[in-house]
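Enquirer: Structure below; questions to follow.
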Amino acid sequence: LLNINVGGKLFQIAYKVLAQYPITRLGKLALYTDPVKKLQLCDDYLVQKNEYFFDRDPSIFHYIFHFYRSGVLWVMDEMCPSNFVEEIEYWGIHLKYSQRCCRILFEEKRDELSEYLKIEKELEAELEPLESGAQFDGKFLGRFRKMVWNLIENPYSSVPAKIIAVMSSFFVLISIVGMTLSTVEEMKNKTGKMWMEQMEMICAIFFTSEYLMRLISSSSFKNFLRAAFNAIDLVAILPFYIQILFENMDDGDMQYHEELHKVENVSKLGKVLKLIKLMRIFRILKLARHSTGLRAFSFTMRQCYQQVCCLLLFIAMGVFTFSALIHSVEHDVPGTDFTSIPCAWWWAAVSLSTVGYGDTVPDTILGRMVAFVCISFGIILNGMPISILYNKFSDYYAKLKAHEMSQ
């Protein structure tokens with residue numbers, strides 16, 4: 001018998017039993033004749049008792065011991081998958097020796113645990129800033145840049161930092177309200193335009209100052225440009241300066257400018273300016289910097305992109321299928337709107353989404369039956385992923401909140 005002491009518990013296994021598994025650690029220990037090689041396989045050896053000592057978990061070794069006696073590796077549900085895999089790898093035993101039912105359940109549990117740990121790591125990275133205060137040590141103007149970094153990136157570091165975070169959100173809302181009011185007909189007079197321009201200038205100055213402070217306090221210019229939030233900040237301030245550049249391209253030709261403003265709605269430059277002004281809507285994404293809900297939503301979309309893509313694929317298949325069906329049964333009806341399959345795409349899309357604008361409807365009984373099947377398919381299709389997305393969103397939101405509170 002081979003005397004084995006695992007974590008203080010003594011086990012005895014016959015040499016001939018261990019020799020049946022020569023690639024395992026204990027199999028090698030039973031077959032080796034060189035004492036030096038044997039000592040390399042264990043943690044210690046007691047000459048008086050002829051015991052090989054292993055500093056491992058004795059509770060899991062019970063299953064290893066049972067494997068050598070029966071030839072079957074049992075896997076219990078209460079075991080930690082990571083710890084169990086680490087132990088059996090140490091003893092040189094493969095998971096294939098376990099029963100198929102146990103192995104399938106164990107691998108599913110291990111995959112779930114790996115996915116859970118991966119999500120936990122990504123959630124922590126979601127809240128961790130790109131920089132840390134320690135990165136400024138020993139650098140040029142390190143203390144000053146660290147102070148600026150705390151003001152801009154760490155709202156919980158001080159009262160002024162919290163005020164700046166609140167002001168950032170406030171100016172985003174003011175900017176969005178200003179852009180909205182600028183489209184109201186009553187606000188397009190001279191006084192309204194002047195107020196809107198002044199409000200836009202104040203918001204742009206604040207956003208520019210905020211962006212420059214982040215740029216100054218960054219320890220790596222390359223990482224700063226690659227950050228998504230910094231790209232959003234840049235997009236938020238660029239339209240203001242591009243608009244000024246376009247409007248002042250030719251200050252000397254006032255007559256040209258007057259003519260340009262008269263035909264602004266139809267000119268190419270006017271269309272470009274409108275597009276640039278529309279880019280200001282992206283400023284609302286700046287709220288995600290201080291909004292846990294928006295971060296959780298973005299994180300959910302990134303984690304569930306496969307389900308979302310699958311949903312879009314099913315919607316596209318449904319649109320093509322039902323548009324072809326409705327066209328085949330309705331195209332002979334006088335005055336029908338289903339003159340071609342592309343013309344029926346819009347009807348199929350709004351029917352699948354169960355919105356049903358009613359601007360295009362089938363006239364025949366067979367067409368209404370197709371419409372009923374289309375709507376029923378849309379209800380089933382939309383109902384499947386909603387619960388999954390909502391459950392994951394609520395779970396990620398709660399975890400992000402918990403991480404924020406712990407920090």
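Labels for the structure tokens follow display order: chains A, B, ..., residues from 1 in each chain, ligands from 1.
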Report as a ChimeraX atom specification all protein, DNA and RNA residues lying within 7 Å of A:Val370, evaluated on only C-alpha atoms, omitting residues in the same chain fewer than 4 positions from it.
Expert: /A:326,366,374
Enquirer: Take the residues that were just selected and, keeping C-alpha atoms, output them as a short mmCIF file (atom, residue, chain, number, x, y, z; two decimals), in the first residue's frame.
Expert:
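So the final result, stored in selection.cif, reads:
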data_model
loop_
_atom_site.label_atom_id
_atom_site.label_comp_id
_atom_site.auth_asym_id
_atom_site.auth_seq_id
_atom_site.Cartn_x
_atom_site.Cartn_y
_atom_site.Cartn_z
CA ILE A 326 -49.15 40.42 -49.30
CA LEU A 366 -56.85 36.61 -48.02
CA CYS A 374 -47.84 38.84 -39.81
#
Enquirer: Tell me, as JSON, numbers by chain, which residues lie within 10 Å of A:Leu285, counting only C-alpha atoms; anything in the same chain fewer than 5 positions away does not count.
Expert: {"A": [172, 229, 232, 233, 236, 291, 294]}
Enquirer: What does the file look like for those residues with C-alpha atoms, as a JSON list (two decimals), in the first residue's frame?
Expert:
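Contents of result19.json, as written:
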[["chain", "number", "residue", "atom", "x", "y", "z"],
["A", 172, "VAL", "CA", -25.92, 69.51, -21.70],
["A", 229, "PHE", "CA", -16.35, 59.56, -23.84],
["A", 232, "ILE", "CA", -18.25, 62.31, -27.59],
["A", 233, "ASP", "CA", -16.94, 65.47, -25.93],
["A", 236, "ALA", "CA", -20.14, 68.00, -28.82],
["A", 291, "SER", "CA", -25.58, 58.35, -15.58],
["A", 294, "LEU", "CA", -27.22, 54.98, -19.61]]
Enquirer: What gap, in Å, lies between atom CA of A:Ile23 and atom CA of A:Gln40?
Expert: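 Between atom CA of A:Ile23 and atom CA of A:Gln40 the gap is 15.0 Å.
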Enquirer: Any idea what's packed within 12 Å of A:Ile205, counting only C-alpha atoms, ignoring anything in its chain fewer than 3 positions away? Could you give it as a PDB file with C-alpha atoms, in the first residue's frame?
Expert:
ATOM      1  CA  SER A 168     -21.729  69.469 -16.995  1.00  0.00           C
ATOM      2  CA  PHE A 171     -25.146  72.614 -19.632  1.00  0.00           C
ATOM      3  CA  SER A 175     -27.792  73.023 -24.941  1.00  0.00           C
ATOM      4  CA  GLN A 198     -25.582  83.527 -26.811  1.00  0.00           C
ATOM      5  CA  MET A 199     -26.773  80.379 -25.048  1.00  0.00           C
ATOM      6  CA  GLU A 200     -24.957  78.223 -27.588  1.00  0.00           C
ATOM      7  CA  MET A 201     -21.772  80.258 -27.138  1.00  0.00           C
ATOM      8  CA  ILE A 202     -21.860  79.874 -23.341  1.00  0.00           C
ATOM      9  CA  THR A 208     -14.396  73.459 -24.606  1.00  0.00           C
ATOM     10  CA  SER A 209     -12.979  74.296 -21.184  1.00  0.00           C
ATOM     11  CA  GLU A 210     -14.034  70.897 -19.891  1.00  0.00           C
ATOM     12  CA  TYR A 211     -12.422  69.132 -22.851  1.00  0.00           C
ATOM     13  CA  LEU A 212      -9.178  71.083 -22.492  1.00  0.00           C
ATOM     14  CA  ALA A 236     -20.140  68.004 -28.824  1.00  0.00           C
ATOM     15  CA  ILE A 237     -17.946  71.079 -29.348  1.00  0.00           C
ATOM     16  CA  LEU A 238     -16.873  70.727 -32.999  1.00  0.00           C
ATOM     17  CA  PHE A 240     -19.972  75.271 -32.934  1.00  0.00           C
ATOM     18  CA  TYR A 241     -16.509  76.031 -34.334  1.00  0.00           C
TER      19      TYR A 241
END
